[in-house]
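*Asks:* final_10.txt is reproduced below (compact mmCIF, C-alpha atoms).
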# COMPACT_ATOMS: atom_id res chain seq x y z
CA MET A 1 -13.35 10.04 -21.10
CA PRO A 2 -10.05 8.51 -22.31
CA GLN A 3 -9.30 4.89 -21.52
CA ILE A 4 -7.69 4.72 -18.07
CA PHE A 5 -5.84 1.42 -18.58
CA ASP A 6 -4.60 0.38 -22.02
CA TYR A 7 -5.68 -3.26 -22.03
CA GLU A 8 -4.56 -3.91 -25.60
CA THR A 9 -0.98 -2.83 -24.89
CA TRP A 10 -0.60 -4.46 -21.48
CA ASN A 11 -2.35 -7.70 -22.43
CA SER A 12 -0.01 -8.07 -25.41
CA ARG A 13 2.89 -8.22 -22.94
CA LEU A 14 1.26 -10.48 -20.35
CA THR A 15 3.26 -13.63 -21.11
CA GLU A 16 6.55 -11.78 -20.68
CA LEU A 17 5.37 -9.80 -17.65
CA SER A 18 3.85 -12.82 -15.90
CA GLY A 19 7.13 -14.71 -16.14
CA GLU A 20 9.04 -11.72 -14.79
CA TYR A 21 6.54 -11.30 -11.96
CA GLN A 22 6.48 -14.87 -10.74
CA LEU A 23 10.28 -15.30 -10.83
CA ALA A 24 11.09 -11.99 -9.13
CA LYS A 25 13.07 -11.82 -5.89
CA PRO A 26 12.72 -11.50 -2.93
CA TYR A 27 9.08 -12.42 -3.68
CA PRO A 28 6.81 -12.16 -6.71
CA HIS A 29 6.49 -8.54 -7.83
CA ILE A 30 6.87 -6.21 -10.77
CA VAL A 31 7.47 -2.51 -11.38
CA LEU A 32 5.61 -1.06 -14.37
CA GLU A 33 6.24 2.38 -15.86
CA ASN A 34 3.65 4.66 -17.50
CA PHE A 35 1.01 2.38 -16.08
CA LEU A 36 -2.13 4.45 -16.59
CA ASN A 37 -3.36 7.13 -18.97
CA GLU A 38 -1.21 10.17 -18.16
CA GLU A 39 -4.04 12.63 -18.79
CA ILE A 40 -6.23 10.86 -16.23
CA LEU A 41 -3.41 10.63 -13.72
CA ASP A 42 -2.72 14.36 -14.13
CA LYS A 43 -6.33 14.94 -13.11
CA CYS A 44 -5.83 12.66 -10.10
CA VAL A 45 -2.82 14.74 -9.04
CA ASN A 46 -4.80 17.97 -9.33
CA GLU A 47 -7.68 16.47 -7.35
CA PHE A 48 -5.30 15.21 -4.66
CA ASN A 49 -4.16 18.80 -4.12
CA GLU A 50 -7.72 19.67 -3.08
CA LEU A 51 -8.22 16.70 -0.76
CA ASN A 52 -6.38 17.84 2.36
CA ASN A 53 -9.42 19.46 3.96
CA THR A 54 -11.77 16.60 3.08
CA ASP A 55 -13.49 14.84 5.98
CA GLY A 56 -12.65 11.17 6.46
CA TRP A 57 -8.84 11.15 6.50
CA ILE A 58 -7.37 8.51 8.79
CA ASN A 59 -4.16 9.42 10.59
CA TYR A 60 -1.95 6.36 10.92
CA ILE A 61 0.49 7.68 13.51
CA HIS A 62 2.20 5.23 15.84
CA TYR A 63 5.66 3.84 16.45
CA ASN A 64 5.84 1.99 13.14
CA GLU A 65 4.32 4.47 10.73
CA LYS A 66 3.37 8.05 10.04
CA LYS A 67 0.98 8.63 7.14
CA ARG A 68 -2.62 9.48 6.23
CA GLY A 69 -5.20 7.51 4.32
CA LEU A 70 -8.62 8.16 2.77
CA ASN A 71 -10.72 5.17 1.76
CA LYS A 72 -14.23 6.55 1.35
CA LEU A 73 -15.18 6.25 -2.32
CA ASP A 74 -18.14 8.59 -1.92
CA VAL A 75 -15.91 11.53 -0.97
CA LEU A 76 -13.13 10.91 -3.49
CA PRO A 77 -13.07 13.25 -6.53
CA ALA A 78 -14.19 12.02 -9.95
CA ALA A 79 -10.88 11.07 -11.63
CA ILE A 80 -9.48 9.31 -8.55
CA LYS A 81 -12.77 7.47 -8.03
CA GLN A 82 -12.96 6.43 -11.70
CA THR A 83 -9.36 5.21 -11.61
CA ILE A 84 -10.04 3.07 -8.54
CA GLU A 85 -13.21 1.69 -10.10
CA GLU A 86 -11.27 0.74 -13.26
CA LEU A 87 -8.61 -1.04 -11.20
CA ASN A 88 -11.41 -2.92 -9.43
CA SER A 89 -13.21 -3.84 -12.65
CA PRO A 90 -13.64 -7.46 -13.83
CA ARG A 91 -11.41 -6.78 -16.83
CA PHE A 92 -8.55 -5.50 -14.69
CA LEU A 93 -9.00 -8.37 -12.21
CA LEU A 94 -8.53 -10.78 -15.13
CA PHE A 95 -5.33 -8.96 -16.14
CA LEU A 96 -4.11 -9.13 -12.54
CA SER A 97 -4.92 -12.83 -12.17
CA THR A 98 -3.07 -13.64 -15.39
CA LEU A 99 -0.08 -11.54 -14.37
CA THR A 100 0.24 -13.04 -10.88
CA GLY A 101 -0.98 -16.57 -11.56
CA ILE A 102 -3.58 -16.21 -8.78
CA LYS A 103 -7.09 -17.11 -9.87
CA ASP A 104 -10.40 -15.67 -8.67
CA LEU A 105 -9.07 -12.44 -7.20
CA GLN A 106 -11.65 -10.39 -5.33
CA LYS A 107 -11.81 -6.59 -5.20
CA ASP A 108 -12.57 -4.75 -1.96
CA ASP A 109 -15.28 -2.12 -2.34
CA HIS A 110 -14.56 -0.86 1.18
CA LEU A 111 -10.88 -0.21 0.35
CA GLU A 112 -9.87 -1.52 3.77
CA GLY A 113 -6.49 0.04 4.60
CA GLY A 114 -6.22 1.33 1.03
CA GLY A 115 -7.73 4.05 -1.14
CA VAL A 116 -5.36 7.01 -1.34
CA HIS A 117 -2.30 7.44 0.89
CA GLN A 118 -0.28 10.53 1.69
CA SER A 119 2.80 11.15 3.84
CA GLY A 120 4.82 14.32 4.16
CA ARG A 121 8.14 15.43 5.61
CA GLY A 122 9.10 13.03 8.39
CA GLY A 123 6.68 10.37 7.14
CA PHE A 124 7.76 6.73 7.20
CA LEU A 125 6.50 3.16 7.22
CA ASN A 126 8.60 0.56 8.97
CA ILE A 127 9.34 -2.77 7.30
CA HIS A 128 6.35 -5.07 7.63
CA ALA A 129 4.23 -7.81 6.13
CA ASP A 130 0.61 -6.79 5.58
CA PHE A 131 -2.44 -8.02 7.46
CA THR A 132 -3.45 -11.33 5.94
CA VAL A 133 -7.26 -11.49 6.27
CA HIS A 134 -9.87 -8.83 5.59
CA PRO A 135 -11.24 -7.72 9.00
CA HIS A 136 -14.86 -7.80 7.83
CA HIS A 137 -14.71 -10.79 5.45
CA HIS A 138 -13.14 -13.54 7.53
CA HIS A 139 -12.57 -15.91 4.60
CA TRP A 140 -10.84 -13.33 2.41
CA GLN A 141 -7.09 -14.00 2.24
CA ARG A 142 -5.13 -10.95 1.16
CA ARG A 143 -3.04 -11.80 -1.90
CA ILE A 144 -1.98 -8.79 -4.00
CA ASN A 145 -1.12 -5.11 -3.55
CA VAL A 146 -1.29 -2.59 -6.40
CA LEU A 147 0.38 0.78 -5.71
CA VAL A 148 0.19 3.60 -8.25
CA TYR A 149 2.39 6.60 -7.44
CA LEU A 150 1.29 10.17 -8.13
CA ASN A 151 4.49 12.11 -7.40
CA LYS A 152 5.77 14.44 -10.10
CA ASN A 153 9.32 15.77 -9.81
CA TRP A 154 10.06 13.49 -6.85
CA GLN A 155 13.72 13.77 -5.79
CA ASP A 156 15.68 10.67 -4.73
CA GLU A 157 17.35 12.57 -1.89
CA TRP A 158 13.96 13.04 -0.24
CA GLY A 159 13.74 9.31 0.47
CA GLY A 160 10.41 7.49 0.39
CA LYS A 161 11.66 4.61 -1.73
CA LEU A 162 9.66 1.40 -1.35
CA GLU A 163 12.03 -1.25 0.01
CA LEU A 164 11.53 -4.97 -0.61
CA TRP A 165 13.32 -7.16 1.97
CA ASP A 166 14.23 -10.82 2.08
CA LYS A 167 12.30 -13.23 4.30
CA GLN A 168 14.89 -13.14 7.08
CA ILE A 169 15.05 -9.30 7.17
CA LYS A 170 18.78 -9.43 6.52
CA THR A 171 18.96 -7.66 3.17
CA CYS A 172 16.98 -5.04 1.28
CA GLU A 173 16.90 -6.58 -2.19
CA LYS A 174 15.16 -3.79 -4.08
CA LYS A 175 14.34 -0.09 -3.74
CA VAL A 176 11.70 1.64 -5.87
CA SER A 177 11.38 5.41 -6.07
CA PRO A 178 7.70 6.54 -5.88
CA VAL A 179 7.68 8.53 -9.12
CA PHE A 180 4.67 9.61 -11.15
CA ASN A 181 2.75 6.87 -13.00
CA ARG A 182 4.95 4.07 -11.71
CA CYS A 183 3.05 1.02 -10.47
CA VAL A 184 4.32 -1.66 -8.11
CA ILE A 185 2.39 -4.94 -7.91
CA PHE A 186 3.41 -7.62 -5.42
CA ASN A 187 2.28 -10.68 -3.50
CA THR A 188 1.21 -10.03 0.09
CA ASP A 189 2.35 -13.29 1.63
CA ALA A 190 3.17 -13.72 5.32
CA ASP A 191 6.83 -12.95 4.56
CA SER A 192 6.47 -10.26 1.86
CA PHE A 193 8.34 -7.66 3.90
CA HIS A 194 8.33 -4.08 2.59
CA GLY A 195 8.12 -0.43 3.65
CA HIS A 196 9.92 2.91 3.50
CA PRO A 197 11.41 3.05 7.00
CA GLU A 198 13.53 6.21 6.96
CA PRO A 199 11.75 9.52 7.73
CA MET A 200 11.41 11.48 4.50
CA THR A 201 13.18 14.81 4.03
CA CYS A 202 10.98 16.32 1.33
CA PRO A 203 10.03 20.01 1.63
CA GLU A 204 7.01 20.82 3.80
CA ASP A 205 4.88 21.47 0.70
CA GLN A 206 5.71 18.13 -0.98
CA PHE A 207 4.01 14.78 -0.31
CA ARG A 208 4.47 11.12 -1.15
CA ARG A 209 1.09 10.13 -2.62
CA SER A 210 -0.33 6.93 -4.03
CA ILE A 211 -3.44 5.00 -4.92
CA ALA A 212 -3.30 1.73 -2.97
CA LEU A 213 -5.57 -1.22 -3.78
CA TYR A 214 -5.61 -4.68 -2.23
CA TYR A 215 -7.02 -7.91 -3.66
CA TYR A 216 -8.15 -11.15 -2.03
CA THR A 217 -9.12 -14.76 -2.63
CA VAL A 218 -11.82 -16.63 -0.75
CA GLU A 219 -10.32 -19.45 1.36
CA ASN A 220 -11.84 -21.94 3.79
CA ASN A 221 -9.05 -21.62 6.34
CA PRO A 222 -7.06 -18.46 5.69
CA PHE A 223 -3.88 -17.68 7.61
CA ARG A 224 -4.77 -14.88 10.01
CA ARG A 225 -2.33 -12.26 11.28
CA ALA A 226 -2.35 -8.50 11.78
CA THR A 227 0.16 -6.23 10.07
CA PHE A 228 3.50 -7.52 11.32
CA TYR A 229 6.40 -5.08 11.65
CA LYS A 230 10.03 -6.16 11.82
CA SER A 231 13.17 -4.35 12.92
CA ARG A 232 16.12 -4.16 10.57
CA PRO A 233 19.73 -5.17 11.19
CA GLY A 234 21.31 -2.43 13.29
CA ASP A 235 18.04 -1.22 14.80
CA GLY A 236 19.26 -2.24 18.27
CA ASN A 237 16.89 -1.28 21.08
CA LYS A 238 14.21 -0.25 18.58
CA LYS A 239 13.29 -3.94 18.40
CA ILE A 240 11.50 -3.72 21.74
CA MET A 241 9.25 -0.84 20.67
CA VAL A 242 8.56 -2.52 17.34
CA GLN A 243 7.38 -5.61 19.22
CA ILE A 244 5.23 -3.60 21.66
CA ASP A 245 3.62 -1.76 18.78
CA ASN A 246 2.98 -5.08 17.00
CA THR A 247 1.01 -6.19 20.05
CA MET A 248 -1.07 -3.01 19.99
CA VAL A 249 -1.78 -3.35 16.27
CA SER A 250 -2.78 -7.00 16.75
CA VAL A 251 -5.21 -6.14 19.56
CA TYR A 252 -6.68 -3.30 17.53
CA THR A 253 -7.12 -5.53 14.47
CA LYS A 254 -9.00 -8.14 16.52
CA LEU A 255 -11.26 -5.52 18.05
CA LYS A 256 -11.97 -4.06 14.63
CA GLY A 257 -13.04 -7.47 13.35
CA TRP A 258 -15.19 -8.23 16.39
CA LEU A 259 -16.88 -4.83 16.56
CA GLY A 260 -17.11 -4.11 12.86
CA SER A 261 -15.34 -0.80 13.43
CA ASN A 262 -13.20 1.07 10.94
CA ASP A 263 -9.70 2.53 10.89
CA LYS A 264 -10.78 5.97 12.09
CA ILE A 265 -10.37 4.60 15.62
CA ILE A 266 -6.71 3.79 15.07
CA SER A 267 -5.65 7.43 15.43
CA ASN A 268 -6.66 7.44 19.08
CA PHE A 269 -5.96 3.78 19.87
CA LEU A 270 -2.29 3.90 18.84
CA LYS A 271 -1.53 7.56 19.54
CA LEU A 272 0.09 6.73 22.87
CA PHE A 273 2.79 4.85 20.98
CA SER A 274 3.58 7.54 18.46
CA ARG A 275 7.04 9.03 18.37
CA LYS A 276 9.30 11.32 16.44
CA LYS A 277 12.02 9.54 14.55
CA THR A 278 15.42 11.15 14.51
CA LYS A 279 17.01 12.02 11.21
CA HIS A 280 19.73 9.71 9.91
So, in terms of structure tokens, how does the structure I just supplied come out?

*Replies:*
Amino acid sequence: MPQIFDYETWNSRLTELSGEYQLAKPYPHIVLENFLNEEILDKCVNEFNELNNTDGWINYIHYNEKKRGLNKLDVLPAAIKQTIEELNSPRFLLFLSTLTGIKDLQKDDHLEGGGVHQSGRGGFLNIHADFTVHPHHHHWQRRINVLVYLNKNWQDEWGGKLELWDKQIKTCEKKVSPVFNRCVIFNTDADSFHGHPEPMTCPEDQFRRSIALYYYTVENNPFRRATFYKSRPGDGNKKIMVQIDNTMVSVYTKLKGWLGSNDKIISNFLKLFSRKKTKH
């Protein structure tokens, strides 16, 4: 099997890339093109096309998001599984630590909230900062996201661009189109606000797909908060529903930690607060 991640090439650029990463605005991040072996990623795309009828999909449908996720390694096809395992390997963790300046990063074998993501026409994800502590490892502080996009021939007019917002949610400082083999890596601090908040207009047979992996450090007293959504300037009365939904997500996250449950429950727990967003 070909090498999934070209360590020789990427490690040779680490000094340059690390400086770019840590000085980036609105918070540390980097966008890397042609990130993985294209042959392997082509296989991942083909496998993704066969995944829709697989058991285990989680439907994240509530006021602040509309997408699907699959985080069960044992049901993921070979190329996707091997890619995830490479990005969770000790060698890649060392690359990631050097890039970000964060030592002792931990992988998550349970892919909590991650794995593979898919959203179709009308899909969206409101601006938010991610949950800060792993629900089943209470000393694991979430530190880094790695998103690898799998979307060939993605059209800008369909939307779906990842937006990076400033800490005050006044300005979107960067937009990243989710095109094939593009990787976005960024810090998941309490004020690392991001999302793709406008409902997508892609054709019914097109999907925004990604591999999403999250990394942690072990801390004695981690800062604990559920996924925290924020309204944007001009959202008006939407602010109230965003806040109500935040409360629901927070309650759910606490229950999940206490009961040891998984995200499959979220489909029913938050369904009452789902809605259809109007086109803009």

*Asks:* Quick check, in Å to one decimal: how far apart do atom CA of A:Leu73 and atom CA of A:Asp245 lie?

*Replies:*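 About the pair atom CA of A:Leu73 and atom CA of A:Asp245: they are 29.4 Å apart.
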
*Asks:* Go through stretch 185-253 of chain A residue by residue and, counting only C-alpha atoms, keep those with an atom at most 10 Å from stretch 39-53 of chain A; for each kept residue give the shortest atom pair and its distance in Å to one decimal, ordered by chain and increasing number, as a Markdown table.

*Replies:*
| residue | atom | partner | partner_atom | distance |
| --- | --- | --- | --- | --- |
| A:Phe207 | CA | A:Asn49 | CA | 9.9 |
| A:Arg209 | CA | A:Phe48 | CA | 8.4 |
| A:Ser210 | CA | A:Val45 | CA | 9.6 |
| A:Ile211 | CA | A:Cys44 | CA | 9.6 |

*Asks:* Once you have the residues from the selection above, write them out as a PDB file, in the frame of the given file, restricted to C-alpha atoms.

*Replies:*
ATOM      1  CA  PHE A 207       4.010  14.780  -0.310  1.00  0.00           C
ATOM      2  CA  ARG A 209       1.090  10.130  -2.620  1.00  0.00           C
ATOM      3  CA  SER A 210      -0.330   6.930  -4.030  1.00  0.00           C
ATOM      4  CA  ILE A 211      -3.440   5.000  -4.920  1.00  0.00           C
TER       5      ILE A 211
END

*Asks:* So that I can see what lies close to A:Val218, please list as a list of chain:residue names the residues with an atom at most 10 Å from it, counting all atoms listed in the file and leaving out residues fewer than 4 positions away in the same chain.

*Replies:*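 Listing them by chain and then by number gives A:Asp104, A:Leu105, A:Gln106, A:Val133, A:His137, A:His138, A:His139, A:Trp140, A:Gln141, A:Arg142, A:Pro222.
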
*Asks:* What does the structure give for the distance between atom CA of A:Lys152 and atom CA of A:Thr9, in Å to one decimal?

*Replies:*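 The value is 23.7 Å.
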
*Asks:* Please report the interatomic distance between atom CA of A:Ile169 and atom CA of A:Phe124 in Å with one decimal.

*Replies:*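 Atom-to-atom, atom CA of A:Ile169 and atom CA of A:Phe124 are spaced 17.6 Å apart.
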
*Asks:* Can you list, as a list in words, every protein, DNA or RNA residue that comes within 8 Å of A:Asp189 when you count all atoms listed in the file, leaving out same-chain residues fewer than 2 positions away?

*Replies:*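 Once the adjacent positions are removed, what remains is Ala129, Asp130, Thr132, Arg142, Arg143, Asn187, Asp191 and Ser192 of chain A.
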
*Asks:* Using only C-alpha atoms, which residue out of A:Met248, A:Leu99, A:Ile80, A:Leu93 lies closest to A:Gly19?

*Replies:*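 Of A:Met248, A:Leu99, A:Ile80, A:Leu93, the one nearest A:Gly19, counting only C-alpha atoms, is A:Leu99.
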
*Asks:* Which residue out of A:Cys172, A:Leu76, A:Leu32, A:Leu94 has the minimum interatomic distance to A:Arg232 when only C-alpha atoms are used?

*Replies:* A:Cys172

*Asks:* Which is closest to A:Pro2 among A:Ile240, A:Leu150, A:Leu17, A:Leu36, if we use all atoms listed in the file?

*Replies:*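 Of the candidates, the smallest distance to A:Pro2 is held by A:Leu36.
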
*Asks:* Would you mind putting all heavy atoms back on stretch 56-67 of chain A and writing the result as an mmCIF file, keeping the file's coordinate frame?

*Replies:*
data_model
loop_
_atom_site.group_PDB
_atom_site.id
_atom_site.type_symbol
_atom_site.label_atom_id
_atom_site.label_comp_id
_atom_site.auth_asym_id
_atom_site.auth_seq_id
_atom_site.Cartn_x
_atom_site.Cartn_y
_atom_site.Cartn_z
ATOM 1 N N GLY A 56 -12.802 12.613 6.635
ATOM 2 C CA GLY A 56 -12.650 11.170 6.460
ATOM 3 C C GLY A 56 -11.215 10.681 6.439
ATOM 4 O O GLY A 56 -10.985 9.467 6.408
ATOM 5 N N TRP A 57 -10.234 11.587 6.458
ATOM 6 C CA TRP A 57 -8.840 11.150 6.500
ATOM 7 C C TRP A 57 -8.569 10.373 7.782
ATOM 8 O O TRP A 57 -9.038 10.733 8.860
ATOM 9 C CB TRP A 57 -7.894 12.343 6.429
ATOM 10 C CG TRP A 57 -7.680 12.891 5.061
ATOM 11 C CD1 TRP A 57 -8.284 13.995 4.516
ATOM 12 C CD2 TRP A 57 -6.801 12.381 4.053
ATOM 13 N NE1 TRP A 57 -7.835 14.191 3.236
ATOM 14 C CE2 TRP A 57 -6.922 13.230 2.912
ATOM 15 C CE3 TRP A 57 -5.925 11.295 3.992
ATOM 16 C CZ2 TRP A 57 -6.205 13.021 1.747
ATOM 17 C CZ3 TRP A 57 -5.202 11.091 2.822
ATOM 18 C CH2 TRP A 57 -5.347 11.940 1.715
ATOM 19 N N ILE A 58 -7.807 9.314 7.649
ATOM 20 C CA ILE A 58 -7.370 8.510 8.790
ATOM 21 C C ILE A 58 -5.899 8.791 9.030
ATOM 22 O O ILE A 58 -5.085 8.684 8.099
ATOM 23 C CB ILE A 58 -7.585 7.001 8.526
ATOM 24 C CG1 ILE A 58 -9.056 6.709 8.236
ATOM 25 C CG2 ILE A 58 -7.094 6.164 9.707
ATOM 26 C CD1 ILE A 58 -9.293 5.386 7.551
ATOM 27 N N ASN A 59 -5.551 9.157 10.237
ATOM 28 C CA ASN A 59 -4.160 9.420 10.590
ATOM 29 C C ASN A 59 -3.536 8.175 11.185
ATOM 30 O O ASN A 59 -3.863 7.791 12.311
ATOM 31 C CB ASN A 59 -4.064 10.584 11.563
ATOM 32 C CG ASN A 59 -4.518 11.894 10.951
ATOM 33 O OD1 ASN A 59 -4.086 12.247 9.860
ATOM 34 N ND2 ASN A 59 -5.398 12.604 11.632
ATOM 35 N N TYR A 60 -2.662 7.530 10.419
ATOM 36 C CA TYR A 60 -1.950 6.360 10.920
ATOM 37 C C TYR A 60 -0.635 6.847 11.532
ATOM 38 O O TYR A 60 0.380 6.990 10.844
ATOM 39 C CB TYR A 60 -1.656 5.387 9.766
ATOM 40 C CG TYR A 60 -2.898 4.821 9.106
ATOM 41 C CD1 TYR A 60 -3.414 5.400 7.946
ATOM 42 C CD2 TYR A 60 -3.544 3.706 9.628
ATOM 43 C CE1 TYR A 60 -4.537 4.878 7.324
ATOM 44 C CE2 TYR A 60 -4.665 3.175 9.020
ATOM 45 C CZ TYR A 60 -5.156 3.770 7.862
ATOM 46 O OH TYR A 60 -6.275 3.256 7.256
ATOM 47 N N ILE A 61 -0.679 7.136 12.826
ATOM 48 C CA ILE A 61 0.490 7.680 13.510
ATOM 49 C C ILE A 61 0.746 6.844 14.760
ATOM 50 O O ILE A 61 0.006 6.920 15.742
ATOM 51 C CB ILE A 61 0.281 9.161 13.888
ATOM 52 C CG1 ILE A 61 -0.033 9.995 12.645
ATOM 53 C CG2 ILE A 61 1.517 9.717 14.593
ATOM 54 C CD1 ILE A 61 -0.368 11.447 12.941
ATOM 55 N N HIS A 62 1.773 6.009 14.680
ATOM 56 C CA HIS A 62 2.200 5.230 15.840
ATOM 57 C C HIS A 62 3.663 4.895 15.637
ATOM 58 O O HIS A 62 4.322 5.469 14.769
ATOM 59 C CB HIS A 62 1.321 3.987 16.045
ATOM 60 C CG HIS A 62 1.191 3.089 14.854
ATOM 61 N ND1 HIS A 62 1.769 1.849 14.775
ATOM 62 C CD2 HIS A 62 0.533 3.256 13.679
ATOM 63 C CE1 HIS A 62 1.472 1.290 13.613
ATOM 64 N NE2 HIS A 62 0.735 2.116 12.928
ATOM 65 N N TYR A 63 4.212 4.033 16.464
ATOM 66 C CA TYR A 63 5.660 3.840 16.450
ATOM 67 C C TYR A 63 6.175 3.387 15.087
ATOM 68 O O TYR A 63 7.280 3.742 14.681
ATOM 69 C CB TYR A 63 6.071 2.805 17.518
ATOM 70 C CG TYR A 63 7.569 2.738 17.707
ATOM 71 C CD1 TYR A 63 8.221 3.642 18.533
ATOM 72 C CD2 TYR A 63 8.342 1.802 17.022
ATOM 73 C CE1 TYR A 63 9.600 3.611 18.691
ATOM 74 C CE2 TYR A 63 9.725 1.765 17.158
ATOM 75 C CZ TYR A 63 10.345 2.671 18.004
ATOM 76 O OH TYR A 63 11.708 2.653 18.135
ATOM 77 N N ASN A 64 5.366 2.605 14.374
ATOM 78 C CA ASN A 64 5.840 1.990 13.140
ATOM 79 C C ASN A 64 5.434 2.698 11.865
ATOM 80 O O ASN A 64 5.802 2.246 10.776
ATOM 81 C CB ASN A 64 5.387 0.531 13.090
ATOM 82 C CG ASN A 64 6.259 -0.366 13.948
ATOM 83 O OD1 ASN A 64 7.473 -0.363 13.819
ATOM 84 N ND2 ASN A 64 5.641 -1.115 14.859
ATOM 85 N N GLU A 65 4.677 3.771 11.954
ATOM 86 C CA GLU A 65 4.320 4.470 10.730
ATOM 87 C C GLU A 65 3.814 5.878 11.014
ATOM 88 O O GLU A 65 3.346 6.193 12.113
ATOM 89 C CB GLU A 65 3.275 3.702 9.910
ATOM 90 C CG GLU A 65 1.910 3.596 10.540
ATOM 91 C CD GLU A 65 0.920 2.848 9.652
ATOM 92 O OE1 GLU A 65 0.954 3.022 8.420
ATOM 93 O OE2 GLU A 65 0.122 2.081 10.200
ATOM 94 N N LYS A 66 3.911 6.707 9.989
ATOM 95 C CA LYS A 66 3.370 8.050 10.040
ATOM 96 C C LYS A 66 2.893 8.414 8.639
ATOM 97 O O LYS A 66 3.685 8.733 7.752
ATOM 98 C CB LYS A 66 4.430 9.052 10.506
ATOM 99 C CG LYS A 66 3.915 10.483 10.627
ATOM 100 C CD LYS A 66 5.018 11.427 11.077
ATOM 101 C CE LYS A 66 4.497 12.866 11.164
ATOM 102 N NZ LYS A 66 5.586 13.800 11.553
ATOM 103 N N LYS A 67 1.569 8.319 8.441
ATOM 104 C CA LYS A 67 0.980 8.630 7.140
ATOM 105 C C LYS A 67 -0.502 8.905 7.325
ATOM 106 O O LYS A 67 -1.047 8.770 8.433
ATOM 107 C CB LYS A 67 1.184 7.483 6.148
ATOM 108 C CG LYS A 67 0.367 6.234 6.454
ATOM 109 C CD LYS A 67 0.557 5.154 5.386
ATOM 110 C CE LYS A 67 -0.339 3.957 5.705
ATOM 111 N NZ LYS A 67 -0.160 2.851 4.733
#
